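Undergrad: Got coords22.txt for you, compact mmCIF, C-alpha atoms and all ligand atoms:
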# COMPACT_ATOMS: atom_id res chain seq x y z
CA MET Z 221 88.21 37.28 -19.81
CA LYS Z 222 90.19 34.03 -19.51
CA ILE Z 223 87.29 31.67 -18.87
CA ASN Z 224 85.30 29.90 -21.60
CA VAL Z 225 81.96 31.60 -20.97
CA ALA Z 226 80.21 29.20 -23.38
CA TYR Z 227 79.91 26.70 -20.50
CA GLY Z 228 77.69 29.12 -18.60
CA GLN Z 229 75.34 29.35 -21.58
CA LEU Z 230 74.60 25.61 -21.65
CA PRO Z 231 71.36 24.32 -20.18
CA PRO Z 232 71.98 23.23 -16.56
CA ALA Z 233 72.78 19.53 -16.30
CA PHE Z 234 69.69 18.82 -14.23
CA PHE Z 235 67.65 16.66 -16.58
CA PHE Z 236 68.45 13.13 -15.40
CA THR Z 237 68.81 14.35 -11.80
CA GLU Z 238 65.27 15.70 -11.97
CA ILE Z 239 63.97 12.37 -13.33
CA GLY Z 240 65.83 10.51 -10.56
CA GLU Z 241 64.40 12.80 -7.87
CA ARG Z 242 60.81 12.48 -9.12
CA VAL Z 243 61.13 8.69 -9.33
CA SER Z 244 62.74 8.41 -5.87
CA ALA Z 245 60.06 10.62 -4.31
CA TYR Z 246 57.31 8.49 -5.86
CA ALA Z 247 58.99 5.21 -4.80
CA ALA Z 248 59.43 6.48 -1.22
CA ALA Z 249 55.74 7.48 -1.02
CA HIS Z 250 54.56 4.15 -2.52
CA PRO Z 251 56.91 1.46 -1.17
CA ASP Z 252 54.43 -1.32 -2.03
CA GLN Z 253 54.36 -0.53 -5.78
CA LYS Z 254 56.80 -2.07 -8.26
CA LEU Z 255 58.21 0.51 -10.66
CA LEU Z 256 58.93 -0.63 -14.22
CA ARG Z 257 61.82 1.34 -15.62
CA LEU Z 258 61.81 2.10 -19.34
CA GLY Z 259 63.76 5.30 -18.84
CA VAL Z 260 67.43 4.47 -18.96
CA GLY Z 261 69.49 3.93 -22.10
CA ASP Z 262 71.90 1.59 -20.37
CA VAL Z 263 72.43 -2.09 -21.06
CA THR Z 264 71.71 -4.60 -18.32
CA GLY Z 265 74.40 -7.22 -19.09
CA PRO Z 266 76.06 -9.62 -18.48
CA LEU Z 267 79.02 -9.70 -20.89
CA SER Z 268 79.09 -12.67 -23.24
CA PRO Z 269 81.19 -15.77 -22.39
CA VAL Z 270 83.64 -15.21 -25.26
CA VAL Z 271 84.35 -11.66 -23.99
CA LEU Z 272 84.85 -12.88 -20.42
CA GLU Z 273 87.29 -15.54 -21.61
CA ALA Z 274 89.29 -12.93 -23.57
CA LEU Z 275 89.35 -10.63 -20.53
CA ARG Z 276 90.66 -13.39 -18.25
CA ARG Z 277 93.31 -14.39 -20.78
CA ALA Z 278 94.47 -10.79 -21.21
CA VAL Z 279 94.60 -10.21 -17.45
CA ASP Z 280 96.75 -13.35 -17.06
CA GLU Z 281 99.08 -12.08 -19.78
CA GLN Z 282 99.51 -8.84 -17.85
CA GLY Z 283 100.59 -10.88 -14.79
CA ARG Z 284 103.63 -12.47 -16.46
CA VAL Z 285 106.75 -10.62 -17.50
CA GLU Z 286 107.02 -12.62 -20.75
CA THR Z 287 103.53 -11.61 -21.94
CA PHE Z 288 103.10 -8.22 -20.25
CA HIS Z 289 101.99 -5.26 -22.42
CA GLY Z 290 102.67 -1.61 -21.68
CA TYR Z 291 101.42 1.36 -23.72
CA GLN Z 292 99.32 0.46 -26.72
CA PRO Z 293 99.50 2.48 -29.96
CA GLU Z 294 97.54 5.73 -29.47
CA THR Z 295 95.20 5.02 -32.38
CA GLY Z 296 94.57 1.40 -31.33
CA ALA Z 297 96.23 -2.01 -31.29
CA ALA Z 298 96.67 -3.65 -34.68
CA PHE Z 299 94.66 -6.72 -33.59
CA MET Z 300 91.67 -4.54 -32.55
CA LYS Z 301 91.78 -2.49 -35.75
CA ALA Z 302 91.84 -5.74 -37.72
CA ALA Z 303 88.80 -6.99 -35.74
CA VAL Z 304 86.87 -3.78 -36.54
CA ALA Z 305 87.90 -3.94 -40.21
CA ALA Z 306 86.73 -7.58 -40.38
CA TYR Z 307 83.42 -6.62 -38.71
CA TYR Z 308 82.84 -3.98 -41.42
CA GLU Z 309 83.97 -6.41 -44.13
CA ARG Z 310 81.26 -8.85 -43.05
CA ARG Z 311 78.78 -6.04 -43.78
CA GLY Z 312 80.35 -5.51 -47.20
CA VAL Z 313 82.30 -2.37 -46.26
CA HIS Z 314 85.99 -2.37 -47.06
CA LEU Z 315 88.13 -0.15 -44.82
CA SER Z 316 91.85 -0.19 -44.41
CA PRO Z 317 92.75 -0.78 -40.73
CA GLY Z 318 94.72 2.48 -40.89
CA GLU Z 319 91.44 4.39 -41.28
CA ILE Z 320 90.15 2.99 -37.97
CA PHE Z 321 90.85 4.65 -34.63
CA ILE Z 322 90.13 2.77 -31.41
CA SER Z 323 88.56 4.93 -28.69
CA SER Z 324 87.27 4.79 -25.14
CA GLY Z 325 83.71 5.04 -26.42
CA ALA Z 326 81.63 7.11 -28.80
CA ALA Z 327 81.01 9.96 -26.34
CA ASP Z 328 84.75 10.70 -26.08
CA ASP Z 329 85.25 10.99 -29.82
CA LEU Z 330 82.00 12.88 -30.43
CA GLY Z 331 83.30 15.48 -28.01
CA ALA Z 332 86.86 15.56 -29.34
CA MET Z 333 86.03 15.55 -33.07
CA GLY Z 334 85.17 19.24 -32.88
CA ASN Z 335 88.93 19.88 -32.42
CA LEU Z 336 89.33 19.47 -36.19
CA PHE Z 337 87.00 22.35 -37.05
CA SER Z 338 87.30 26.09 -36.62
CA ILE Z 339 85.11 28.01 -34.23
CA ARG Z 340 83.43 29.52 -37.28
CA ALA Z 341 82.24 26.17 -38.63
CA ARG Z 342 78.43 26.21 -38.79
CA VAL Z 343 77.06 23.12 -37.09
CA LEU Z 344 73.77 21.52 -38.01
CA VAL Z 345 72.10 18.99 -35.74
CA ALA Z 346 69.17 16.82 -36.81
CA GLU Z 347 66.95 17.06 -33.74
CA PRO Z 348 65.63 15.74 -31.38
CA ALA Z 349 69.12 14.52 -30.62
CA TYR Z 350 71.51 12.92 -28.19
CA PRO Z 351 72.56 16.07 -26.28
CA ALA Z 352 76.35 15.75 -26.83
CA TYR Z 353 76.23 17.12 -30.41
CA VAL Z 354 74.70 20.45 -29.41
CA ASP Z 355 76.41 20.80 -26.04
CA THR Z 356 79.98 20.05 -27.19
CA SER Z 357 79.53 22.40 -30.18
CA ARG Z 358 78.31 25.16 -27.88
CA MET Z 359 81.15 24.51 -25.43
CA ALA Z 360 83.53 25.20 -28.30
CA GLY Z 361 81.66 28.45 -29.01
CA ARG Z 362 80.14 27.34 -32.34
CA THR Z 363 76.79 28.37 -33.71
CA VAL Z 364 74.38 25.44 -33.81
CA LEU Z 365 71.47 25.25 -36.23
CA SER Z 366 68.70 22.69 -35.80
CA LEU Z 367 66.93 20.72 -38.47
CA MET Z 368 63.77 19.48 -36.86
CA GLY Z 369 62.48 15.97 -37.03
CA ASN Z 370 58.72 15.78 -36.63
CA ARG Z 371 55.75 13.57 -37.38
CA GLU Z 372 55.50 14.88 -40.95
CA ASN Z 373 59.05 13.82 -41.87
CA GLY Z 374 58.86 10.68 -39.72
CA PHE Z 375 61.59 12.12 -37.44
CA LEU Z 376 64.05 11.64 -40.31
CA PRO Z 377 64.77 15.16 -41.58
CA LEU Z 378 66.38 15.41 -45.02
CA PRO Z 379 68.48 18.19 -46.55
CA SER Z 380 66.90 20.69 -48.91
CA GLU Z 381 68.70 22.52 -51.73
CA ASP Z 382 69.05 25.71 -49.70
CA LEU Z 383 70.30 24.06 -46.51
CA ASP Z 384 73.72 25.39 -45.59
CA ALA Z 385 76.15 24.14 -42.92
CA ASP Z 386 79.76 22.96 -42.59
CA LEU Z 387 79.36 20.15 -40.11
CA VAL Z 388 76.30 17.94 -39.67
CA TYR Z 389 75.58 15.48 -36.88
CA LEU Z 390 73.39 12.55 -37.91
CA CYS Z 391 72.49 9.61 -35.69
CA SER Z 392 70.97 6.54 -37.32
CA PRO Z 393 69.52 4.38 -35.84
CA ASN Z 394 68.49 7.28 -33.67
CA ASN Z 395 68.54 7.99 -30.01
CA PRO Z 396 65.98 9.19 -28.87
CA THR Z 397 63.45 8.62 -31.67
CA GLY Z 398 64.33 5.01 -32.57
CA THR Z 399 64.00 5.87 -36.28
CA ALA Z 400 66.61 4.99 -38.92
CA TYR Z 401 67.41 6.37 -42.37
CA THR Z 402 66.98 4.06 -45.33
CA ARG Z 403 69.81 3.84 -47.88
CA ARG Z 404 67.99 6.19 -50.22
CA GLN Z 405 67.39 8.79 -47.52
CA LEU Z 406 70.94 8.67 -46.22
CA GLN Z 407 72.28 8.95 -49.76
CA ARG Z 408 70.56 12.34 -49.97
CA TRP Z 409 72.65 13.52 -47.02
CA VAL Z 410 75.84 12.12 -48.58
CA ASP Z 411 75.13 13.82 -51.90
CA TRP Z 412 74.26 17.08 -50.16
CA ALA Z 413 77.48 17.01 -48.09
CA ASN Z 414 79.70 16.21 -51.07
CA ALA Z 415 78.11 18.95 -53.15
CA ARG Z 416 78.71 21.56 -50.42
CA GLN Z 417 82.01 20.24 -49.07
CA ALA Z 418 80.29 19.75 -45.70
CA VAL Z 419 81.31 16.97 -43.29
CA ILE Z 420 78.87 14.49 -41.76
CA ILE Z 421 79.62 13.13 -38.31
CA PHE Z 422 77.65 9.91 -38.38
CA ASP Z 423 76.86 8.40 -34.99
CA ALA Z 424 76.30 4.67 -35.56
CA ALA Z 425 76.16 3.68 -31.87
CA TYR Z 426 72.99 1.62 -32.45
CA GLU Z 427 73.93 -0.03 -35.77
CA ALA Z 428 73.76 -3.52 -34.25
CA PHE Z 429 69.99 -3.15 -33.75
CA VAL Z 430 69.16 -2.69 -37.44
CA GLN Z 431 66.68 -5.29 -38.69
CA ASP Z 432 65.42 -3.85 -41.98
CA GLU Z 433 67.27 -4.72 -45.19
CA ASP Z 434 67.06 -1.18 -46.59
CA VAL Z 435 68.57 0.44 -43.48
CA PRO Z 436 72.38 0.72 -43.59
CA HIS Z 437 74.47 -0.19 -40.54
CA SER Z 438 77.26 2.09 -41.69
CA ILE Z 439 77.24 5.26 -43.79
CA TYR Z 440 80.10 3.71 -45.79
CA GLU Z 441 77.62 1.25 -47.31
CA LEU Z 442 76.68 4.22 -49.51
CA PRO Z 443 78.66 5.35 -52.55
CA GLU Z 444 80.82 8.46 -52.06
CA ALA Z 445 80.37 8.52 -48.26
CA GLU Z 446 84.11 8.14 -47.67
CA SER Z 447 84.69 11.60 -49.11
CA CYS Z 448 82.29 13.35 -46.70
CA ALA Z 449 81.68 11.28 -43.57
CA ILE Z 450 83.31 10.38 -40.28
CA GLU Z 451 81.67 7.44 -38.51
CA ILE Z 452 81.70 7.12 -34.74
CA CYS Z 453 80.67 3.85 -33.16
CA SER Z 454 80.98 1.95 -29.94
CA LEU Z 455 80.76 -1.47 -28.36
CA SER Z 456 78.55 -0.03 -25.61
CA LYS Z 457 75.27 -1.20 -27.06
CA THR Z 458 76.63 -3.71 -29.60
CA ALA Z 459 78.25 -5.86 -26.91
CA GLY Z 460 77.09 -4.48 -23.54
CA PHE Z 461 80.31 -2.47 -23.01
CA THR Z 462 78.83 0.68 -21.40
CA GLY Z 463 80.79 -0.06 -18.23
CA MET Z 464 83.89 -1.21 -20.12
CA ARG Z 465 84.43 1.84 -22.40
CA LEU Z 466 85.53 0.89 -25.89
CA GLY Z 467 84.63 2.27 -29.29
CA TYR Z 468 85.97 3.03 -32.75
CA THR Z 469 85.95 5.93 -35.16
CA VAL Z 470 86.53 5.84 -38.89
CA VAL Z 471 88.11 8.83 -40.59
CA PRO Z 472 88.64 7.86 -44.23
CA LYS Z 473 91.79 8.90 -46.03
CA ALA Z 474 89.58 10.24 -48.84
CA LEU Z 475 88.10 12.90 -46.55
CA VAL Z 476 89.86 16.11 -47.48
CA ARG Z 477 88.57 19.64 -46.87
CA GLU Z 478 90.26 22.93 -47.81
CA GLY Z 479 93.32 20.91 -48.81
CA CYS Z 480 93.61 19.28 -45.36
CA SER Z 481 93.37 15.54 -44.72
CA LEU Z 482 90.97 15.08 -41.81
CA HIS Z 483 92.44 11.61 -41.36
CA ASP Z 484 95.93 13.03 -40.78
CA MET Z 485 94.55 15.73 -38.49
CA TRP Z 486 92.66 13.19 -36.35
CA LYS Z 487 95.76 11.01 -36.14
CA GLN Z 488 97.70 14.03 -34.94
CA ASP Z 489 94.95 14.90 -32.46
CA ARG Z 490 94.80 11.39 -31.00
CA THR Z 491 98.54 10.88 -30.76
CA THR Z 492 98.80 14.23 -28.99
CA ARG Z 493 95.83 14.06 -26.63
CA THR Z 494 95.55 10.34 -25.80
CA ASN Z 495 97.77 7.44 -24.85
CA GLY Z 496 95.55 4.77 -26.31
CA VAL Z 497 93.13 2.29 -24.79
CA SER Z 498 93.97 -0.51 -22.36
CA TYR Z 499 95.36 -3.74 -23.82
CA VAL Z 500 92.94 -5.87 -21.78
CA LEU Z 501 89.90 -3.97 -23.05
CA GLN Z 502 91.01 -4.18 -26.65
CA ARG Z 503 91.37 -7.96 -26.34
CA ALA Z 504 87.80 -8.03 -24.99
CA GLY Z 505 86.68 -5.88 -27.93
CA GLU Z 506 88.43 -8.15 -30.41
CA ALA Z 507 86.48 -11.10 -28.96
CA ALA Z 508 83.18 -9.18 -28.99
CA LEU Z 509 83.51 -8.36 -32.70
CA SER Z 510 84.61 -11.87 -33.70
CA PRO Z 511 81.96 -13.99 -35.45
CA GLU Z 512 81.42 -15.97 -32.23
CA GLY Z 513 81.24 -12.79 -30.10
CA PHE Z 514 78.76 -11.35 -32.55
CA ARG Z 515 76.64 -14.52 -32.37
CA GLN Z 516 76.62 -14.44 -28.56
CA ASN Z 517 75.82 -10.70 -28.40
CA ARG Z 518 72.91 -11.17 -30.79
CA ARG Z 519 70.96 -12.78 -27.95
CA ALA Z 520 70.82 -9.57 -25.89
CA ILE Z 521 70.01 -7.55 -28.99
CA ALA Z 522 67.21 -9.94 -29.96
CA VAL Z 523 65.69 -9.47 -26.49
CA CYS Z 524 65.67 -5.66 -27.01
CA GLN Z 525 64.14 -6.10 -30.46
CA GLU Z 526 61.36 -8.28 -29.06
CA ASN Z 527 60.79 -5.77 -26.24
CA GLY Z 528 60.47 -3.04 -28.88
CA ARG Z 529 57.91 -5.06 -30.80
CA ILE Z 530 55.79 -5.75 -27.70
CA LEU Z 531 55.83 -2.13 -26.56
CA ALA Z 532 55.03 -0.72 -30.02
CA GLU Z 533 52.12 -3.14 -30.40
CA ALA Z 534 50.63 -2.18 -27.01
CA LEU Z 535 51.00 1.57 -27.62
CA ARG Z 536 49.42 1.35 -31.07
CA LYS Z 537 46.57 -0.71 -29.66
CA ALA Z 538 46.07 2.04 -27.10
CA GLY Z 539 45.63 4.46 -30.03
CA LEU Z 540 48.80 6.54 -29.56
CA TRP Z 541 51.28 7.62 -32.24
CA VAL Z 542 54.59 5.89 -31.78
CA THR Z 543 57.69 5.30 -33.87
CA GLY Z 544 60.96 3.41 -33.46
CA GLY Z 545 61.55 0.17 -31.58
CA ARG Z 546 62.40 -1.79 -34.73
CA ASN Z 547 65.89 -0.74 -35.81
CA ALA Z 548 66.86 0.87 -32.49
CA PRO Z 549 66.25 0.06 -28.81
CA TYR Z 550 64.02 3.12 -28.28
CA LEU Z 551 60.42 4.06 -28.95
CA TRP Z 552 59.30 7.65 -29.36
CA LEU Z 553 55.77 8.17 -28.16
CA ALA Z 554 53.59 11.22 -28.82
CA CYS Z 555 51.98 12.58 -25.68
CA PRO Z 556 48.20 12.82 -25.66
CA GLU Z 557 46.93 16.11 -27.08
CA GLY Z 558 48.56 19.19 -25.58
CA MET Z 559 50.55 17.36 -22.91
CA SER Z 560 54.22 18.09 -22.32
CA GLY Z 561 56.76 15.27 -22.02
CA TRP Z 562 57.20 16.05 -18.33
CA ALA Z 563 53.43 16.00 -17.66
CA PHE Z 564 53.10 12.65 -19.47
CA PHE Z 565 56.11 11.32 -17.56
CA ASP Z 566 54.35 12.23 -14.27
CA HIS Z 567 51.09 10.71 -15.46
CA LEU Z 568 52.69 7.38 -16.46
CA LEU Z 569 54.63 7.22 -13.20
CA ARG Z 570 51.52 7.92 -11.10
CA GLU Z 571 49.00 5.82 -13.00
CA ALA Z 572 51.08 2.93 -14.37
CA GLN Z 573 54.28 3.06 -12.28
CA VAL Z 574 56.19 3.06 -15.56
CA VAL Z 575 59.28 5.28 -15.83
CA VAL Z 576 59.97 6.87 -19.23
CA THR Z 577 62.17 9.79 -20.35
CA PRO Z 578 60.53 13.15 -21.15
CA GLY Z 579 61.38 14.27 -24.69
CA GLU Z 580 62.43 17.70 -23.41
CA GLY Z 581 65.83 16.18 -22.59
CA PHE Z 582 66.61 15.91 -26.31
CA GLY Z 583 66.01 19.50 -27.39
CA ALA Z 584 63.00 21.68 -28.12
CA GLY Z 585 61.69 19.27 -30.78
CA GLY Z 586 61.14 16.63 -28.10
CA ALA Z 587 58.74 18.69 -26.01
CA ASN Z 588 55.55 16.69 -26.61
CA TYR Z 589 57.05 13.23 -26.66
CA VAL Z 590 58.52 10.65 -24.30
CA ARG Z 591 61.20 8.05 -24.99
CA LEU Z 592 60.81 4.43 -23.93
CA SER Z 593 63.84 2.18 -23.74
CA CYS Z 594 63.88 -1.51 -24.68
CA PHE Z 595 66.83 -2.55 -22.48
CA GLY Z 596 64.66 -3.91 -19.62
CA SER Z 597 63.99 -7.57 -18.90
CA PRO Z 598 61.35 -9.24 -21.08
CA THR Z 599 59.14 -9.83 -18.00
CA ASP Z 600 59.23 -6.18 -16.88
CA THR Z 601 58.76 -4.94 -20.44
CA ALA Z 602 55.73 -7.18 -21.02
CA ALA Z 603 54.26 -6.03 -17.68
CA ALA Z 604 54.91 -2.38 -18.62
CA ALA Z 605 53.27 -2.89 -22.04
CA GLN Z 606 50.18 -4.33 -20.34
CA ARG Z 607 49.97 -1.51 -17.78
CA LEU Z 608 50.41 1.14 -20.49
CA LEU Z 609 47.73 -0.43 -22.65
CA THR Z 610 45.29 -0.57 -19.73
CA ILE Z 611 45.70 3.02 -18.59
CA LEU Z 612 46.11 4.65 -21.99
CA LYS Z 613 43.02 2.98 -23.44
CA LYS Z 614 41.01 4.72 -20.72
CA GLY Z 615 42.22 8.09 -22.04
CA ILE Z 616 43.78 10.87 -19.96
N1 LIG W 1 75.78 8.17 -29.23
C1 LIG W 1 74.51 7.92 -28.87
C2 LIG W 1 73.44 8.22 -29.85
C3 LIG W 1 74.22 7.39 -27.62
O1 LIG W 1 72.94 7.15 -27.28
C4 LIG W 1 75.27 7.12 -26.72
C5 LIG W 1 75.02 6.57 -25.39
O2 LIG W 1 73.93 6.36 -24.94
C6 LIG W 1 76.56 7.42 -27.12
C7 LIG W 1 76.79 7.94 -28.38
C8 LIG W 1 77.73 7.21 -26.21
O3 LIG W 1 78.19 5.93 -26.31
P1 LIG W 1 79.47 5.45 -25.51
O4 LIG W 1 78.98 4.63 -24.36
O5 LIG W 1 80.23 4.64 -26.48
O6 LIG W 1 80.23 6.65 -25.06
Kindly present the structure from the file in structure tokens form.
Ligand code: PLP
TA:
Amino acid sequence: MKINVAYGQLPPAFFFTEIGERVSAYAAAHPDQKLLRLGVGDVTGPLSPVVLEALRRAVDEQGRVETFHGYQPETGAAFMKAAVAAYYERRGVHLSPGEIFISSGAADDLGAMGNLFSIRARVLVAEPAYPAYVDTSRMAGRTVLSLMGNRENGFLPLPSEDLDADLVYLCSPNNPTGTAYTRRQLQRWVDWANARQAVIIFDAAYEAFVQDEDVPHSIYELPEAESCAIEICSLSKTAGFTGMRLGYTVVPKALVREGCSLHDMWKQDRTTRTNGVSYVLQRAGEAALSPEGFRQNRRAIAVCQENGRILAEALRKAGLWVTGGRNAPYLWLACPEGMSGWAFFDHLLREAQVVVTPGEGFGAGGANYVRLSCFGSPTDTAAAAQRLLTILKKGI
């Protein structure tokens, strides 16, 4: 057999297609009704003025022979690494620019990071989870164990003494649950990983949404994290770059396992498999992470945060259990007794014309929940909150 049969064992990639088909069928049958979409996890733009200026400047540079740039260093341009290092420094985290790798987005590096580990590495995923952790591990033929988040642990599962794994995927603030580990909670994962020589792959894609003082933006805010954690982050949600494609990954030099430097291995991997990220994009990223870029991007983030507050308030008033929406742009809503995520999705579409995401898309632990996204306009979100309150108060 020459084919990787693991691909055939993955769940079919029908989830978002199925949502799209159900929504399109409903919209076609009810052309007079306005649908309010709280389903997608995409930003709605536009890019901030400081980013647009940097893009225009970089494009002009590429049009003149004196300022033209060809290949960029595979692990990222020095100016972009310096911008990321300065961004961390403003949060009190000191990284050397050499520990930072510029990427085409978090998804790319989440998928490729598995290259550093053997097929026998036991992978643990805190679920419900962004599907890439489980799917890319299975594609590589690895065994995946789940540690379930649930109402009892506040969808923030913690390691126990007897928990055993080599590689752990954690996402905080979390997609889909909108929850986020406090410093104390995350320190338990760091201590557990260091004690067992495990490696944490920490997905910080939503760090920019953190509002609470005791929630870290980066795992490196915690002591000893540099000897057990890789952090993967992106400008997608921080600066509205989902359509631009730019991210960064930190692999500390202190991260050594079985005598191998994971930093050196990742450098080798990147210089072999990639030819770096476009000069123009990296100039845009540098501007987005500058203090002024950060200030301008805060406006879009503040809108999401306010949307989260309004939605959470309405859902609680309606008497439903909900979490998230404070440190992440998602809310995780328990379905009424006995209802599946898909059934609740259909109900909310039919009765309130509100589109959500069934929790089933994020693993078995999501089966009786739906995810609501905060990326919509304030007007649509307020209207959705009102509709949800009205229909849910009536009961199902
Ligand atoms: N990680 C999480 C938790 C996400 O929700 C997403 C995108 O929605 C990504 C990573 C991918 O981000 P990027 O656009 O940088 O590939």
Undergrad: Given a cut-off of 8 Å, what residues near ligand LIG 1 (chain W) show up using all atoms listed in the file, put as an MDAnalysis selection string?
TA: chainID Z and resid 261:262 324:328 330 349:350 352 391 394:396 423:426 453:457 461:463 465:467
Undergrad: Which of these, Z:Ile223, Z:Val243, Z:Val364, Z:Met300, has the shortest distance to Asp566 in chain Z once you count all atoms listed in the file?
TA: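 Checking each candidate against Asp566 in chain Z, we get Z:Val243 as the closest.
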Undergrad: Could you tell me which of Z:Val260, Z:Ala415, Z:Leu255, Z:Met485 comes closest to Pro578 in chain Z if we count all atoms listed in the file?
TA: Z:Val260
Undergrad: Write out as a PDB file with C-alpha atoms, in the frame of the given file which residues come within 12 Å of Gly596 in chain Z when counting all atoms listed in the file, dropping same-chain ones fewer than 2 positions away.
TA:
ATOM      1  CA  LEU Z 255      58.210   0.510 -10.660  1.00  0.00           C
ATOM      2  CA  LEU Z 256      58.930  -0.630 -14.220  1.00  0.00           C
ATOM      3  CA  ARG Z 257      61.820   1.340 -15.620  1.00  0.00           C
ATOM      4  CA  LEU Z 258      61.810   2.100 -19.340  1.00  0.00           C
ATOM      5  CA  GLY Z 259      63.760   5.300 -18.840  1.00  0.00           C
ATOM      6  CA  VAL Z 260      67.430   4.470 -18.960  1.00  0.00           C
ATOM      7  CA  GLY Z 261      69.490   3.930 -22.100  1.00  0.00           C
ATOM      8  CA  ASP Z 262      71.900   1.590 -20.370  1.00  0.00           C
ATOM      9  CA  VAL Z 263      72.430  -2.090 -21.060  1.00  0.00           C
ATOM     10  CA  THR Z 264      71.710  -4.600 -18.320  1.00  0.00           C
ATOM     11  CA  GLY Z 265      74.400  -7.220 -19.090  1.00  0.00           C
ATOM     12  CA  ALA Z 520      70.820  -9.570 -25.890  1.00  0.00           C
ATOM     13  CA  ILE Z 521      70.010  -7.550 -28.990  1.00  0.00           C
ATOM     14  CA  VAL Z 523      65.690  -9.470 -26.490  1.00  0.00           C
ATOM     15  CA  CYS Z 524      65.670  -5.660 -27.010  1.00  0.00           C
ATOM     16  CA  GLN Z 525      64.140  -6.100 -30.460  1.00  0.00           C
ATOM     17  CA  GLU Z 526      61.360  -8.280 -29.060  1.00  0.00           C
ATOM     18  CA  ASN Z 527      60.790  -5.770 -26.240  1.00  0.00           C
ATOM     19  CA  GLY Z 528      60.470  -3.040 -28.880  1.00  0.00           C
ATOM     20  CA  LEU Z 531      55.830  -2.130 -26.560  1.00  0.00           C
ATOM     21  CA  PRO Z 549      66.250   0.060 -28.810  1.00  0.00           C
ATOM     22  CA  TYR Z 550      64.020   3.120 -28.280  1.00  0.00           C
ATOM     23  CA  VAL Z 574      56.190   3.060 -15.560  1.00  0.00           C
ATOM     24  CA  VAL Z 575      59.280   5.280 -15.830  1.00  0.00           C
ATOM     25  CA  VAL Z 576      59.970   6.870 -19.230  1.00  0.00           C
ATOM     26  CA  LEU Z 592      60.810   4.430 -23.930  1.00  0.00           C
ATOM     27  CA  SER Z 593      63.840   2.180 -23.740  1.00  0.00           C
ATOM     28  CA  CYS Z 594      63.880  -1.510 -24.680  1.00  0.00           C
ATOM     29  CA  PRO Z 598      61.350  -9.240 -21.080  1.00  0.00           C
ATOM     30  CA  THR Z 599      59.140  -9.830 -18.000  1.00  0.00           C
ATOM     31  CA  ASP Z 600      59.230  -6.180 -16.880  1.00  0.00           C
ATOM     32  CA  THR Z 601      58.760  -4.940 -20.440  1.00  0.00           C
ATOM     33  CA  ALA Z 602      55.730  -7.180 -21.020  1.00  0.00           C
ATOM     34  CA  ALA Z 603      54.260  -6.030 -17.680  1.00  0.00           C
ATOM     35  CA  ALA Z 604      54.910  -2.380 -18.620  1.00  0.00           C
ATOM     36  CA  ALA Z 605      53.270  -2.890 -22.040  1.00  0.00           C
TER      37      ALA Z 605
END
Undergrad: Give me the residues within 12 Å of His567 in chain Z as an MDAnalysis selection string, counting all atoms listed in the file and dropping any in the same chain fewer than 2 places off.
TA: chainID Z and resid 242:243 246 555:556 559:565 569:576 578 590 608 611:612 615:616
Undergrad: For those residues, write C-alpha atoms to a file as a PDB file, in the frame of the given file.
TA:
ATOM      1  CA  ARG Z 242      60.810  12.480  -9.120  1.00  0.00           C
ATOM      2  CA  VAL Z 243      61.130   8.690  -9.330  1.00  0.00           C
ATOM      3  CA  TYR Z 246      57.310   8.490  -5.860  1.00  0.00           C
ATOM      4  CA  CYS Z 555      51.980  12.580 -25.680  1.00  0.00           C
ATOM      5  CA  PRO Z 556      48.200  12.820 -25.660  1.00  0.00           C
ATOM      6  CA  MET Z 559      50.550  17.360 -22.910  1.00  0.00           C
ATOM      7  CA  SER Z 560      54.220  18.090 -22.320  1.00  0.00           C
ATOM      8  CA  GLY Z 561      56.760  15.270 -22.020  1.00  0.00           C
ATOM      9  CA  TRP Z 562      57.200  16.050 -18.330  1.00  0.00           C
ATOM     10  CA  ALA Z 563      53.430  16.000 -17.660  1.00  0.00           C
ATOM     11  CA  PHE Z 564      53.100  12.650 -19.470  1.00  0.00           C
ATOM     12  CA  PHE Z 565      56.110  11.320 -17.560  1.00  0.00           C
ATOM     13  CA  LEU Z 569      54.630   7.220 -13.200  1.00  0.00           C
ATOM     14  CA  ARG Z 570      51.520   7.920 -11.100  1.00  0.00           C
ATOM     15  CA  GLU Z 571      49.000   5.820 -13.000  1.00  0.00           C
ATOM     16  CA  ALA Z 572      51.080   2.930 -14.370  1.00  0.00           C
ATOM     17  CA  GLN Z 573      54.280   3.060 -12.280  1.00  0.00           C
ATOM     18  CA  VAL Z 574      56.190   3.060 -15.560  1.00  0.00           C
ATOM     19  CA  VAL Z 575      59.280   5.280 -15.830  1.00  0.00           C
ATOM     20  CA  VAL Z 576      59.970   6.870 -19.230  1.00  0.00           C
ATOM     21  CA  PRO Z 578      60.530  13.150 -21.150  1.00  0.00           C
ATOM     22  CA  VAL Z 590      58.520  10.650 -24.300  1.00  0.00           C
ATOM     23  CA  LEU Z 608      50.410   1.140 -20.490  1.00  0.00           C
ATOM     24  CA  ILE Z 611      45.700   3.020 -18.590  1.00  0.00           C
ATOM     25  CA  LEU Z 612      46.110   4.650 -21.990  1.00  0.00           C
ATOM     26  CA  GLY Z 615      42.220   8.090 -22.040  1.00  0.00           C
ATOM     27  CA  ILE Z 616      43.780  10.870 -19.960  1.00  0.00           C
TER      28      ILE Z 616
END
Undergrad: Select, from Z:Ser323, Z:Gln253, Z:Ser316, Z:Thr363, the residue with the minimum atom-to-atom distance to Ser338 in chain Z, counting all atoms listed in the file.
TA: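 For Ser338 in chain Z, the nearest of the given residues is Z:Thr363.
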Undergrad: Using all atoms listed in the file, which of Z:Phe375, Z:Phe235, Z:Phe337, Z:Tyr308 sits nearest Leu482 in chain Z?
TA: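 Checking each candidate against Leu482 in chain Z, we get Z:Phe337 as the closest.
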